[in-house]
>>> print(open('protein-v1.cif').read())   # mmCIF, C-alpha atoms, pLDDT in the B column; chains and numbers go by the auth columns
data_target
loop_
_atom_site.group_PDB
_atom_site.id
_atom_site.type_symbol
_atom_site.label_atom_id
_atom_site.label_comp_id
_atom_site.label_asym_id
_atom_site.label_seq_id
_atom_site.Cartn_x
_atom_site.Cartn_y
_atom_site.Cartn_z
_atom_site.B_iso_or_equiv
_atom_site.auth_seq_id
_atom_site.auth_asym_id
ATOM 1 C CA MET A 1 107.629 85.993 71.726 69.00 178 R
ATOM 2 C CA ASP A 2 105.268 84.227 74.121 74.00 179 R
ATOM 3 C CA PHE A 3 105.264 85.847 77.556 71.00 180 R
ATOM 4 C CA LYS A 4 102.432 83.762 78.978 75.00 181 R
ATOM 5 C CA PRO A 5 104.696 81.026 80.478 80.00 182 R
ATOM 6 C CA ASN A 6 106.727 83.692 82.311 76.00 183 R
ATOM 7 C CA VAL A 7 103.598 85.395 83.611 77.00 184 R
ATOM 8 C CA LEU A 8 102.011 82.124 84.726 81.00 185 R
ATOM 9 C CA ALA A 9 105.205 81.106 86.520 82.00 186 R
ATOM 10 C CA ALA A 10 105.151 84.384 88.458 79.00 187 R
ATOM 11 C CA LEU A 11 101.431 84.031 89.234 83.00 188 R
ATOM 12 C CA GLU A 12 101.862 80.468 90.471 86.00 189 R
ATOM 13 C CA LYS A 13 104.438 81.726 92.977 83.00 190 R
ATOM 14 C CA ILE A 14 102.202 84.609 94.109 81.00 191 R
ATOM 15 C CA CYS A 15 99.210 82.280 94.481 87.00 192 R
ATOM 16 C CA THR A 16 101.016 79.786 96.731 88.00 193 R
ATOM 17 C CA PRO A 17 99.358 80.147 100.176 89.00 194 R
ATOM 18 C CA PHE A 18 101.753 81.667 102.697 83.00 195 R
ATOM 19 C CA GLN A 19 101.585 81.843 106.480 84.00 196 R
ATOM 20 C CA MET A 20 100.715 85.228 107.977 76.00 197 R
ATOM 21 C CA SER A 21 100.880 84.180 111.645 73.00 198 R
ATOM 22 C CA LYS A 22 102.415 81.067 113.194 77.00 199 R
ATOM 23 C CA THR A 23 100.710 81.778 116.528 70.00 200 R
ATOM 24 C CA TYR A 24 97.193 81.718 115.077 65.00 201 R
ATOM 25 C CA GLU A 25 97.995 79.412 112.122 74.00 202 R
ATOM 26 C CA SER A 26 96.545 81.890 109.625 75.00 203 R
ATOM 27 C CA TRP A 27 97.265 81.722 105.891 83.00 204 R
ATOM 28 C CA LEU A 28 96.666 84.134 103.011 81.00 205 R
ATOM 29 C CA GLN A 29 95.478 82.562 99.789 85.00 206 R
ATOM 30 C CA ILE A 30 95.074 84.215 96.372 84.00 207 R
ATOM 31 C CA ILE A 31 92.877 82.432 93.821 84.00 208 R
ATOM 32 C CA PRO A 32 93.158 83.769 90.223 84.00 209 R
ATOM 33 C CA ILE A 33 90.096 83.873 87.963 83.00 210 R
ATOM 34 C CA GLU A 34 91.077 85.902 84.883 84.00 211 R
ATOM 35 C CA ILE A 35 94.185 87.637 83.534 84.00 212 R
ATOM 36 C CA TYR A 36 93.960 90.941 81.674 86.00 213 R
ATOM 37 C CA SER A 37 96.550 92.408 79.316 84.00 214 R
ATOM 38 C CA THR A 38 96.963 95.732 77.526 85.00 215 R
ATOM 39 C CA ASN A 39 98.892 96.234 74.315 83.00 216 R
ATOM 40 C CA ALA A 40 102.665 95.920 74.681 81.00 217 R
ATOM 41 C CA LYS A 41 104.809 99.089 74.503 82.00 218 R
ATOM 42 C CA ILE A 42 108.453 99.828 73.909 85.00 219 R
ATOM 43 C CA LYS A 43 109.879 102.513 76.226 81.00 220 R
ATOM 44 C CA ASN A 44 113.599 103.365 76.138 83.00 221 R
ATOM 45 C CA ASP A 45 115.333 100.015 76.489 81.00 222 R
ATOM 46 C CA SER A 46 112.358 98.251 78.083 79.00 223 R
ATOM 47 C CA PHE A 47 109.467 96.215 76.812 78.00 224 R
ATOM 48 C CA LEU A 48 106.391 97.116 78.905 78.00 225 R
ATOM 49 C CA LEU A 49 103.355 94.882 79.248 77.00 226 R
ATOM 50 C CA GLU A 50 100.610 95.901 81.660 80.00 227 R
ATOM 51 C CA MET A 51 98.595 93.020 83.035 80.00 228 R
ATOM 52 C CA GLY A 52 95.886 92.560 85.655 82.00 229 R
ATOM 53 C CA MET A 53 94.359 89.664 87.540 80.00 230 R
ATOM 54 C CA LYS A 54 90.806 89.121 88.741 81.00 231 R
ATOM 55 C CA CYS A 55 91.098 87.002 91.858 80.00 232 R
ATOM 56 C CA THR A 56 89.783 86.289 95.325 78.00 233 R
ATOM 57 C CA MET A 57 91.891 86.781 98.461 76.00 234 R
ATOM 58 C CA GLU A 58 91.014 84.995 101.675 77.00 235 R
ATOM 59 C CA THR A 59 92.471 84.166 105.061 73.00 236 R
ATOM 60 C CA ILE A 60 92.278 80.592 106.307 76.00 237 R
ATOM 61 C CA VAL A 61 92.872 79.542 109.910 71.00 238 R
ATOM 62 C CA GLY A 62 94.326 76.076 110.514 74.00 239 R
ATOM 63 C CA SER A 63 96.608 73.840 108.473 82.00 240 R
ATOM 64 C CA GLN A 64 98.273 75.049 105.268 86.00 241 R
ATOM 65 C CA PRO A 65 95.707 75.059 102.425 87.00 242 R
ATOM 66 C CA GLU A 66 96.508 73.600 99.028 88.00 243 R
ATOM 67 C CA SER A 67 97.114 76.055 96.213 88.00 244 R
ATOM 68 C CA LYS A 68 94.100 76.481 93.905 86.00 245 R
ATOM 69 C CA PHE A 69 96.254 77.764 91.047 86.00 246 R
ATOM 70 C CA ASP A 70 95.432 76.008 87.756 87.00 247 R
ATOM 71 C CA ALA A 71 97.198 77.485 84.732 84.00 248 R
ATOM 72 C CA ALA A 72 94.946 75.581 82.322 84.00 249 R
ATOM 73 C CA LYS A 73 91.808 77.310 83.621 83.00 250 R
ATOM 74 C CA ILE A 74 93.110 80.891 83.535 82.00 251 R
ATOM 75 C CA ILE A 75 91.581 83.012 80.778 81.00 252 R
ATOM 76 C CA LEU A 76 93.681 85.777 79.165 82.00 253 R
ATOM 77 C CA LYS A 77 91.600 88.802 78.085 86.00 254 R
ATOM 78 C CA PRO A 78 92.792 91.856 76.122 86.00 255 R
ATOM 79 C CA VAL A 79 91.702 95.175 77.657 86.00 256 R
ATOM 80 C CA THR A 80 92.505 98.856 77.239 85.00 257 R
ATOM 81 C CA LYS A 81 92.677 99.660 80.971 82.00 258 R
ATOM 82 C CA ILE A 82 93.572 97.564 83.992 78.00 259 R
ATOM 83 C CA PRO A 83 91.394 97.862 87.133 73.00 260 R
ATOM 84 C CA ASN A 84 93.444 97.713 90.332 72.00 261 R
ATOM 85 C CA GLN A 85 90.743 97.668 93.010 78.00 262 R
ATOM 86 C CA ILE A 86 90.865 94.747 95.461 77.00 263 R
ATOM 87 C CA THR A 87 88.637 93.359 98.179 77.00 264 R
ATOM 88 C CA ALA A 88 90.416 91.179 100.734 74.00 265 R
ATOM 89 C CA ASN A 89 88.873 89.025 103.452 72.00 266 R
ATOM 90 C CA ILE A 90 91.077 88.750 106.534 71.00 267 R
ATOM 91 C CA ALA A 91 90.718 87.325 110.022 71.00 268 R
ATOM 92 C CA ALA A 92 91.290 89.197 113.277 72.00 269 R
ATOM 93 C CA VAL A 93 91.934 86.672 116.045 76.00 270 R
ATOM 94 C CA SER A 94 91.092 87.348 119.688 79.00 271 R
ATOM 95 C CA THR A 95 92.123 84.522 122.026 84.00 272 R
ATOM 96 C CA TYR A 96 89.890 83.669 124.964 87.00 273 R
ATOM 97 C CA ALA A 97 92.790 84.468 127.302 87.00 274 R
ATOM 98 C CA GLU A 98 93.070 87.960 125.815 84.00 275 R
ATOM 99 C CA ALA A 99 89.305 88.527 125.942 84.00 276 R
ATOM 100 C CA SER A 100 89.212 87.314 129.575 89.00 277 R
ATOM 101 C CA ARG A 101 91.967 89.747 130.551 88.00 278 R
ATOM 102 C CA ILE A 102 90.213 92.718 128.924 84.00 279 R
ATOM 103 C CA MET A 103 86.830 91.875 130.466 86.00 280 R
ATOM 104 C CA THR A 104 88.381 91.418 133.924 89.00 281 R
ATOM 105 C CA LYS A 105 89.552 95.036 133.653 87.00 282 R
ATOM 106 C CA ASN A 106 85.989 96.094 132.730 84.00 283 R
ATOM 107 C CA PHE A 107 84.731 94.778 136.074 86.00 284 R
ATOM 108 C CA ALA A 108 87.411 96.496 138.187 82.00 285 R
ATOM 109 C CA GLU A 109 86.010 98.394 141.194 76.00 286 R
ATOM 110 C CA GLN A 110 82.389 97.596 140.235 84.00 287 R
ATOM 111 C CA GLU A 111 79.788 96.249 142.658 89.00 288 R
ATOM 112 C CA PHE A 112 76.574 94.490 141.718 90.00 289 R
ATOM 113 C CA GLY A 113 73.764 93.922 144.149 86.00 290 R
ATOM 114 C CA SER A 114 70.327 94.496 145.599 84.00 291 R
ATOM 115 C CA GLY A 115 69.724 96.160 148.953 84.00 292 R
ATOM 116 C CA SER A 116 72.483 95.163 151.362 89.00 293 R
ATOM 117 C CA LYS A 117 73.560 92.185 149.243 90.00 294 R
ATOM 118 C CA ARG A 118 76.626 92.839 147.086 90.00 295 R
ATOM 119 C CA ILE A 119 79.182 91.020 144.942 92.00 296 R
ATOM 120 C CA ILE A 120 82.418 92.130 143.293 93.00 297 R
ATOM 121 C CA VAL A 121 83.767 90.357 140.188 92.00 298 R
ATOM 122 C CA LYS A 122 87.459 89.626 140.700 93.00 299 R
ATOM 123 C CA LYS A 123 88.245 87.601 137.582 92.00 300 R
ATOM 124 C CA VAL A 124 86.641 86.678 134.247 92.00 301 R
ATOM 125 C CA ALA A 125 87.354 83.592 132.139 93.00 302 R
ATOM 126 C CA LEU A 126 85.867 82.751 128.722 92.00 303 R
ATOM 127 C CA TRP A 127 85.687 79.593 126.639 92.00 304 R
ATOM 128 C CA HIS A 128 83.645 78.073 123.840 91.00 305 R
ATOM 129 C CA LYS A 129 80.972 75.394 124.260 90.00 306 R
ATOM 130 C CA ASP A 130 78.179 74.246 121.933 86.00 307 R
ATOM 131 C CA GLY A 131 78.264 77.344 119.735 83.00 308 R
ATOM 132 C CA LYS A 132 78.080 79.755 122.686 88.00 309 R
ATOM 133 C CA ILE A 133 80.574 81.529 124.919 91.00 310 R
ATOM 134 C CA VAL A 134 80.740 80.494 128.561 94.00 311 R
ATOM 135 C CA ILE A 135 81.663 83.395 130.856 93.00 312 R
ATOM 136 C CA ALA A 136 82.914 82.403 134.314 94.00 313 R
ATOM 137 C CA LEU A 137 82.888 85.162 136.942 93.00 314 R
ATOM 138 C CA ASP A 138 84.868 84.678 140.157 94.00 315 R
ATOM 139 C CA VAL A 139 82.970 86.744 142.730 92.00 316 R
ATOM 140 C CA LEU A 140 83.421 87.865 146.354 93.00 317 R
ATOM 141 C CA GLY A 141 80.854 89.357 148.739 92.00 318 R
ATOM 142 C CA THR A 142 77.488 88.043 149.807 92.00 319 R
ATOM 143 C CA VAL A 143 78.155 85.182 147.388 91.00 320 R
ATOM 144 C CA ASN A 144 81.655 83.729 147.162 93.00 321 R
ATOM 145 C CA GLY A 145 82.692 81.422 144.326 92.00 322 R
ATOM 146 C CA THR A 146 82.203 81.199 140.566 94.00 323 R
ATOM 147 C CA ILE A 147 79.026 81.914 138.631 93.00 324 R
ATOM 148 C CA TYR A 148 78.668 80.859 134.998 95.00 325 R
ATOM 149 C CA LEU A 149 76.873 82.677 132.197 93.00 326 R
ATOM 150 C CA THR A 150 76.395 81.888 128.517 94.00 327 R
ATOM 151 C CA GLY A 151 75.874 84.196 125.546 91.00 328 R
ATOM 152 C CA LEU A 152 76.177 84.584 121.786 89.00 329 R
ATOM 153 C CA PRO A 153 78.947 86.922 120.607 86.00 330 R
ATOM 154 C CA GLN A 154 77.727 89.860 118.518 86.00 331 R
ATOM 155 C CA TYR A 155 79.458 92.882 116.999 84.00 332 R
ATOM 156 C CA ASN A 156 78.615 96.570 117.469 85.00 333 R
ATOM 157 C CA GLU A 157 79.577 98.352 114.248 80.00 334 R
ATOM 158 C CA GLN A 158 79.582 101.828 115.848 82.00 335 R
ATOM 159 C CA THR A 159 81.781 101.049 118.854 82.00 336 R
ATOM 160 C CA LYS A 160 83.698 98.174 117.207 80.00 337 R
ATOM 161 C CA GLU A 161 83.004 96.074 120.270 83.00 338 R
ATOM 162 C CA LEU A 162 82.143 92.440 120.786 83.00 339 R
ATOM 163 C CA PHE A 163 79.250 91.907 123.192 87.00 340 R
ATOM 164 C CA PHE A 164 77.193 88.912 124.224 85.00 341 R
ATOM 165 C CA ASP A 165 73.541 88.630 123.274 86.00 342 R
ATOM 166 C CA GLN A 166 70.922 86.318 124.858 86.00 343 R
ATOM 167 C CA MET A 167 73.042 86.254 128.015 88.00 344 R
ATOM 168 C CA ASP A 168 71.747 84.102 130.838 92.00 345 R
ATOM 169 C CA TYR A 169 73.068 82.102 133.745 91.00 346 R
ATOM 170 C CA ALA A 170 74.118 78.564 132.893 92.00 347 R
ATOM 171 C CA LEU A 171 71.466 76.108 134.031 89.00 348 R
ATOM 172 C CA ASP A 172 73.402 74.722 137.019 90.00 349 R
ATOM 173 C CA THR A 173 74.263 78.242 138.202 90.00 350 R
ATOM 174 C CA LYS A 174 70.696 79.461 137.716 90.00 351 R
ATOM 175 C CA ASN A 175 69.244 76.592 139.770 91.00 352 R
ATOM 176 C CA LYS A 176 71.759 77.215 142.552 90.00 353 R
ATOM 177 C CA LEU A 177 71.081 80.963 142.646 89.00 354 R
ATOM 178 C CA VAL A 178 67.320 80.427 142.787 88.00 355 R
ATOM 179 C CA ARG A 179 67.860 78.305 145.908 88.00 356 R
ATOM 180 C CA THR A 180 70.585 80.346 147.656 88.00 357 R
ATOM 181 C CA ALA A 181 70.757 83.871 146.174 88.00 358 R
ATOM 182 C CA ASN A 182 67.596 84.625 144.240 89.00 359 R
ATOM 183 C CA TRP A 183 68.418 88.350 144.330 89.00 360 R
ATOM 184 C CA LEU A 184 71.459 87.640 142.119 87.00 361 R
ATOM 185 C CA ALA A 185 69.397 85.663 139.609 84.00 362 R
ATOM 186 C CA GLN A 186 67.180 88.693 138.932 82.00 363 R
ATOM 187 C CA GLY A 187 67.184 90.144 135.433 83.00 364 R
ATOM 188 C CA LEU A 188 68.178 93.653 136.536 85.00 365 R
ATOM 189 C CA ILE A 189 71.497 92.524 138.018 86.00 366 R
ATOM 190 C CA LEU A 190 72.121 90.242 135.027 88.00 367 R
ATOM 191 C CA ARG A 191 71.644 93.186 132.641 88.00 368 R
ATOM 192 C CA LYS A 192 74.113 95.286 134.653 87.00 369 R
ATOM 193 C CA ILE A 193 76.649 92.469 134.509 88.00 370 R
ATOM 194 C CA GLN A 194 76.035 92.108 130.772 86.00 371 R
ATOM 195 C CA GLU A 195 76.955 95.770 130.226 86.00 372 R
ATOM 196 C CA SER A 196 80.513 94.992 131.344 85.00 373 R
ATOM 197 C CA CYS A 197 80.715 91.774 129.286 86.00 374 R
ATOM 198 C CA ARG A 198 82.013 93.518 126.181 84.00 375 R
ATOM 199 C CA TYR A 199 85.352 94.534 124.781 80.00 376 R
ATOM 200 C CA SER A 200 86.824 96.419 121.855 79.00 377 R
ATOM 201 C CA ILE A 201 88.452 94.466 119.031 75.00 378 R
ATOM 202 C CA VAL A 202 90.009 97.573 117.473 77.00 379 R
ATOM 203 C CA PRO A 203 93.523 96.303 118.381 78.00 380 R
ATOM 204 C CA ASN A 204 92.721 92.950 116.750 70.00 381 R
ATOM 205 C CA LEU A 205 91.347 94.624 113.625 72.00 382 R
ATOM 206 C CA GLU A 206 94.433 96.818 113.416 78.00 383 R
ATOM 207 C CA GLU A 207 96.694 93.798 113.873 77.00 384 R
ATOM 208 C CA GLY A 208 94.917 92.007 111.034 71.00 385 R
ATOM 209 C CA LYS A 209 95.326 95.053 108.797 75.00 386 R
ATOM 210 C CA GLN A 210 99.010 95.449 109.664 80.00 387 R
ATOM 211 C CA ASN A 211 99.617 91.775 108.889 76.00 388 R
ATOM 212 C CA MET A 212 98.179 92.384 105.416 76.00 389 R
ATOM 213 C CA MET A 213 100.184 95.583 104.893 81.00 390 R
ATOM 214 C CA VAL A 214 103.447 93.646 105.233 82.00 391 R
ATOM 215 C CA TYR A 215 102.598 92.032 101.904 79.00 392 R
ATOM 216 C CA LEU A 216 101.596 95.307 100.247 84.00 393 R
ATOM 217 C CA LYS A 217 104.829 97.245 100.863 89.00 394 R
ATOM 218 C CA ASN A 218 107.347 96.200 98.218 89.00 395 R
ATOM 219 C CA TYR A 219 106.849 92.539 99.092 86.00 396 R
ATOM 220 C CA SER A 220 108.889 90.298 96.786 84.00 397 R
ATOM 221 C CA PRO A 221 107.742 86.655 96.656 73.00 398 R
ATOM 222 C CA MET A 222 110.379 85.888 93.995 72.00 399 R
ATOM 223 C CA SER A 223 113.203 87.616 92.170 78.00 400 R
ATOM 224 C CA GLY A 224 111.954 90.423 89.954 78.00 401 R
ATOM 225 C CA VAL A 225 108.397 90.436 91.363 80.00 402 R
ATOM 226 C CA PHE A 226 107.269 93.254 93.687 84.00 403 R
ATOM 227 C CA VAL A 227 103.850 93.746 95.295 85.00 404 R
ATOM 228 C CA ASN A 228 102.646 97.182 96.467 87.00 405 R
ATOM 229 C CA GLY A 229 99.255 98.501 97.491 86.00 406 R
ATOM 230 C CA LYS A 230 97.089 100.381 99.979 86.00 407 R
ATOM 231 C CA MET A 231 94.041 99.533 102.075 83.00 408 R
ATOM 232 C CA ASP A 232 90.874 101.419 103.043 82.00 409 R
ATOM 233 C CA ASP A 233 88.866 101.159 106.254 74.00 410 R
ATOM 234 C CA ILE A 234 87.951 97.751 107.630 75.00 411 R
ATOM 235 C CA GLN A 235 84.389 96.394 107.310 80.00 412 R
ATOM 236 C CA PHE A 236 83.177 93.708 109.722 80.00 413 R
ATOM 237 C CA GLN A 237 81.556 90.571 108.235 84.00 414 R
ATOM 238 C CA LYS A 238 80.984 87.734 110.725 85.00 415 R
ATOM 239 C CA ILE A 239 82.194 85.997 113.888 85.00 416 R
ATOM 240 C CA GLN A 240 83.430 82.423 114.083 84.00 417 R
ATOM 241 C CA LEU A 241 84.126 80.548 117.320 84.00 418 R
ATOM 242 C CA THR A 242 86.928 78.009 117.667 84.00 419 R
ATOM 243 C CA ASN A 243 88.256 76.098 120.669 84.00 420 R
ATOM 244 C CA LYS A 244 91.098 78.616 120.992 83.00 421 R
ATOM 245 C CA ALA A 245 89.751 81.995 119.945 85.00 422 R
ATOM 246 C CA ILE A 246 87.015 84.289 118.692 84.00 423 R
ATOM 247 C CA ILE A 247 87.726 85.088 115.038 83.00 424 R
ATOM 248 C CA ALA A 248 86.268 88.227 113.482 80.00 425 R
ATOM 249 C CA PHE A 249 86.202 88.027 109.683 82.00 426 R
ATOM 250 C CA ILE A 250 86.563 91.434 108.097 80.00 427 R
ATOM 251 C CA LYS A 251 86.595 92.844 104.587 82.00 428 R
ATOM 252 C CA VAL A 252 89.072 95.424 103.334 81.00 429 R
ATOM 253 C CA ASN A 253 88.958 97.310 100.040 84.00 430 R
ATOM 254 C CA GLY A 254 92.070 98.770 98.463 84.00 431 R
ATOM 255 C CA THR A 255 94.402 98.759 95.487 83.00 432 R
ATOM 256 C CA VAL A 256 97.329 96.533 94.624 80.00 433 R
ATOM 257 C CA ASN A 257 100.022 96.554 91.976 79.00 434 R
ATOM 258 C CA VAL A 258 102.367 93.698 91.111 77.00 435 R
ATOM 259 C CA ALA A 259 105.448 94.771 89.184 77.00 436 R
ATOM 260 C CA VAL A 260 107.314 92.074 87.238 73.00 437 R
ATOM 261 C CA ASP A 261 110.729 93.430 86.316 72.00 438 R
ATOM 262 C CA GLY A 262 113.399 91.369 84.630 63.00 439 R
ATOM 263 C CA LEU A 263 112.077 87.822 84.891 55.00 440 R
ATOM 264 C CA LYS A 264 114.820 85.309 84.105 55.00 441 R
#
>>> encode(input="protein-v1.cif", output="structure tokens")
Amino acid sequence: MDFKPNVLAALEKICTPFQMSKTYESWLQIIPIEIYSTNAKIKNDSFLLEMGMKCTMETIVGSQPESKFDAAKIILKPVTKIPNQITANIAAVSTYAEASRIMTKNFAEQEFGSGSKRIIVKKVALWHKDGKIVIALDVLGTVNGTIYLTGLPQYNEQTKELFFDQMDYALDTKNKLVRTANWLAQGLILRKIQESCRYSIVPNLEEGKQNMMVYLKNYSPMSGVFVNGKMDDIQFQKIQLTNKAIIAFIKVNGTVNVAVDGLK
């Protein structure tokens, strides 16, 4: 009896990219590399065959990716024990609107100034331009209006916060402040403002993990196929900027088991 066609049919279904979030257009893709198999066993009225798959798992943001499943390239290797450790790369998405709302709260009730000159930040807005983040601060006080800063998003592993490095006033804002409010252009005030230009992405990381867990709790992509697993702590990898959001790519280690029971 040749079970390989049945196994490959199940794997092809599992490896079809599926959408994790319509809002952020994120997809999970599994790319198989090798298939492992132990010796077959007879137990009661069942024929048991333990198999494993070496594969990569990745999250893609955007349009639906094409499946990279190629049955002809998959190698079947006999083994005595199946490893079940996985490493998954997933994306935690933080929209600019969400980041702006959180940072506006950071500035609540804070004053920035020098001597008798003071400003209060009433609202924060973020967007992406030329590989940097533009941070617009609506201010009231000695200066009324909007001041613009730019910075590079970085990640603090200890606090799990995004912050902005190399922060400076945008050129137009800097020139205007030098002429009309040089006290505000000073580095000391800029550093104090920078301290509040940060926010935790713990909720985003948790959301990304929970999205993955949906597919590790008795998930059944087809009749007779069940996926179960568990995940360890999240490890941050890199930040990518898009026109709509800041995307934190994270790595998760864990275990996964795919049970194939009664394939027709």
>>> residues_around(input="protein-v1.cif", residues="Gln387 in chain R", least_positions_apart="6", cutoff="10 Å", atoms="only C-alpha atoms", output="list of chain:residue names")
R:Asn381, R:Leu393, R:Met408
>>> atom_distance(input="protein-v1.cif", atom1="CA of Gly406 in chain R", atom2="CA of Asn221 in chain R")
26.2 Å
>>> atom_distance(input="protein-v1.cif", atom1="CA of Thr264 in chain R", atom2="CA of Val433 in chain R")
9.9 Å
>>> resolve_selection(input="protein-v1.cif", expression="the PyMOL selection byres ((chain R and resi 228-242) around 8)", output="ChimeraX atom specification")
/R:194-196,201-215,226-227,243-244,259-261,264-268
>>> resolve_selection(input="protein-v1.cif", expression="the PyMOL selection byres ((chain R and resi 312) around 6)", output="PyMOL selection string")
chain R and resi 302-303+311+313+325-327
>>> closest_residue(input="protein-v1.cif", among="R:Ser277, R:Asn283, R:Asn420, R:Thr193", to="Glu372 in chain R", atoms="only C-alpha atoms")
R:Asn283
>>> resolve_selection(input="protein-v1.cif", expression="the PyMOL selection byres ((chain R and resi 343) around 7)", output="PyMOL selection string")
chain R and resi 328-329+341-342+344-345
>>> atom_distance(input="protein-v1.cif", atom1="CA of Ile219 in chain R", atom2="CA of Asn395 in chain R")
24.6 Å
>>> closest_residue(input="protein-v1.cif", among="R:Gln331, R:Gly431, R:Ile279, R:Arg368", to="Lys407 in chain R", atoms="only C-alpha atoms")
R:Gly431
>>> residues_around(input="protein-v1.cif", residues="Phe403 in chain R", least_positions_apart="3", cutoff="9 Å", atoms="all atoms listed in the file", output="PyMOL selection string")
chain R and resi 393-400+434-438
>>> residues_around(input="protein-v1.cif", residues="Ile366 in chain R", least_positions_apart="5", cutoff="12 Å", atoms="all atoms listed in the file", output="PyMOL selection string")
chain R and resi 288-292+294-296+344-346+358-361+371-373
>>> axis_aligned_box(input="protein-v1.cif", around="range 308-325 of chain R", padding_each_side="8 Å", output="AutoDock Vina command-line options")
--center_x 81.2 --center_y 83.4 --center_z 134.8 --size_x 23.4 --size_y 28.0 --size_z 46.1
>>> residues_around(input="protein-v1.cif", residues="Asn321 in chain R", least_positions_apart="6", cutoff="10 Å", atoms="all atoms listed in the file", output="PyMOL selection string")
chain R and resi 296-298+315
>>> closest_residue(input="protein-v1.cif", among="R:Ser293, R:Asn430, R:Ser198, R:Thr281", to="Asp410 in chain R", atoms="all atoms listed in the file")
R:Asn430
>>> closest_residue(input="protein-v1.cif", among="R:Asn333, R:Gln417, R:Gln287, R:Thr432", to="Leu317 in chain R", atoms="only C-alpha atoms")
R:Gln287
>>> closest_residue(input="protein-v1.cif", among="R:Leu225, R:Ile378, R:Ile252, R:Met389", to="Leu339 in chain R", atoms="all atoms listed in the file")
R:Ile378
>>> closest_residue(input="protein-v1.cif", among="R:Thr200, R:Asn183, R:Asn216, R:Thr272", to="Ile423 in chain R", atoms="all atoms listed in the file")
R:Thr272
>>> decode(input="protein-v1.cif", residues="range 189-200 of chain R", atoms="N, CA, C and O atoms", output="PDB file, in the first residue's frame")
ATOM      1  N   GLU R 189      -0.587  19.285   0.885  1.00  0.00           N
ATOM      2  CA  GLU R 189      -0.881  20.357  -0.074  1.00  0.00           C
ATOM      3  C   GLU R 189      -1.969  21.274   0.464  1.00  0.00           C
ATOM      4  O   GLU R 189      -1.920  22.489   0.306  1.00  0.00           O
ATOM      5  N   LYS R 190      -2.958  20.672   1.151  1.00  0.00           N
ATOM      6  CA  LYS R 190      -4.037  21.463   1.746  1.00  0.00           C
ATOM      7  C   LYS R 190      -3.496  22.324   2.888  1.00  0.00           C
ATOM      8  O   LYS R 190      -3.823  23.507   3.008  1.00  0.00           O
ATOM      9  N   ILE R 191      -2.665  21.730   3.746  1.00  0.00           N
ATOM     10  CA  ILE R 191      -2.101  22.451   4.887  1.00  0.00           C
ATOM     11  C   ILE R 191      -1.202  23.595   4.424  1.00  0.00           C
ATOM     12  O   ILE R 191      -1.153  24.658   5.044  1.00  0.00           O
ATOM     13  N   CYS R 192      -0.514  23.393   3.303  1.00  0.00           N
ATOM     14  CA  CYS R 192       0.461  24.377   2.828  1.00  0.00           C
ATOM     15  C   CYS R 192      -0.148  25.459   1.935  1.00  0.00           C
ATOM     16  O   CYS R 192       0.576  26.319   1.424  1.00  0.00           O
ATOM     17  N   THR R 193      -1.467  25.420   1.732  1.00  0.00           N
ATOM     18  CA  THR R 193      -2.123  26.496   0.990  1.00  0.00           C
ATOM     19  C   THR R 193      -2.179  27.732   1.888  1.00  0.00           C
ATOM     20  O   THR R 193      -2.709  27.660   2.996  1.00  0.00           O
ATOM     21  N   PRO R 194      -1.613  28.869   1.466  1.00  0.00           N
ATOM     22  CA  PRO R 194      -1.632  30.066   2.318  1.00  0.00           C
ATOM     23  C   PRO R 194      -3.049  30.455   2.706  1.00  0.00           C
ATOM     24  O   PRO R 194      -3.957  30.429   1.861  1.00  0.00           O
ATOM     25  N   PHE R 195      -3.273  30.763   3.975  1.00  0.00           N
ATOM     26  CA  PHE R 195      -4.605  31.175   4.399  1.00  0.00           C
ATOM     27  C   PHE R 195      -4.527  32.499   5.149  1.00  0.00           C
ATOM     28  O   PHE R 195      -3.523  32.840   5.771  1.00  0.00           O
ATOM     29  N   GLN R 196      -5.614  33.261   5.058  1.00  0.00           N
ATOM     30  CA  GLN R 196      -5.642  34.618   5.598  1.00  0.00           C
ATOM     31  C   GLN R 196      -5.857  34.592   7.106  1.00  0.00           C
ATOM     32  O   GLN R 196      -6.795  33.981   7.603  1.00  0.00           O
ATOM     33  N   MET R 197      -4.973  35.276   7.839  1.00  0.00           N
ATOM     34  CA  MET R 197      -5.083  35.362   9.286  1.00  0.00           C
ATOM     35  C   MET R 197      -5.883  36.589   9.704  1.00  0.00           C
ATOM     36  O   MET R 197      -6.566  36.571  10.714  1.00  0.00           O
ATOM     37  N   SER R 198      -5.770  37.682   8.936  1.00  0.00           N
ATOM     38  CA  SER R 198      -6.477  38.917   9.267  1.00  0.00           C
ATOM     39  C   SER R 198      -6.857  39.649   7.989  1.00  0.00           C
ATOM     40  O   SER R 198      -5.985  39.985   7.176  1.00  0.00           O
ATOM     41  N   LYS R 199      -8.162  39.884   7.803  1.00  0.00           N
ATOM     42  CA  LYS R 199      -8.620  40.652   6.652  1.00  0.00           C
ATOM     43  C   LYS R 199      -8.237  42.120   6.803  1.00  0.00           C
ATOM     44  O   LYS R 199      -7.882  42.790   5.834  1.00  0.00           O
ATOM     45  N   THR R 200      -8.312  42.628   8.040  1.00  0.00           N
ATOM     46  CA  THR R 200      -8.027  44.043   8.286  1.00  0.00           C
ATOM     47  C   THR R 200      -6.620  44.420   7.854  1.00  0.00           C
ATOM     48  O   THR R 200      -6.400  45.448   7.215  1.00  0.00           O
TER      49      THR R 200
END
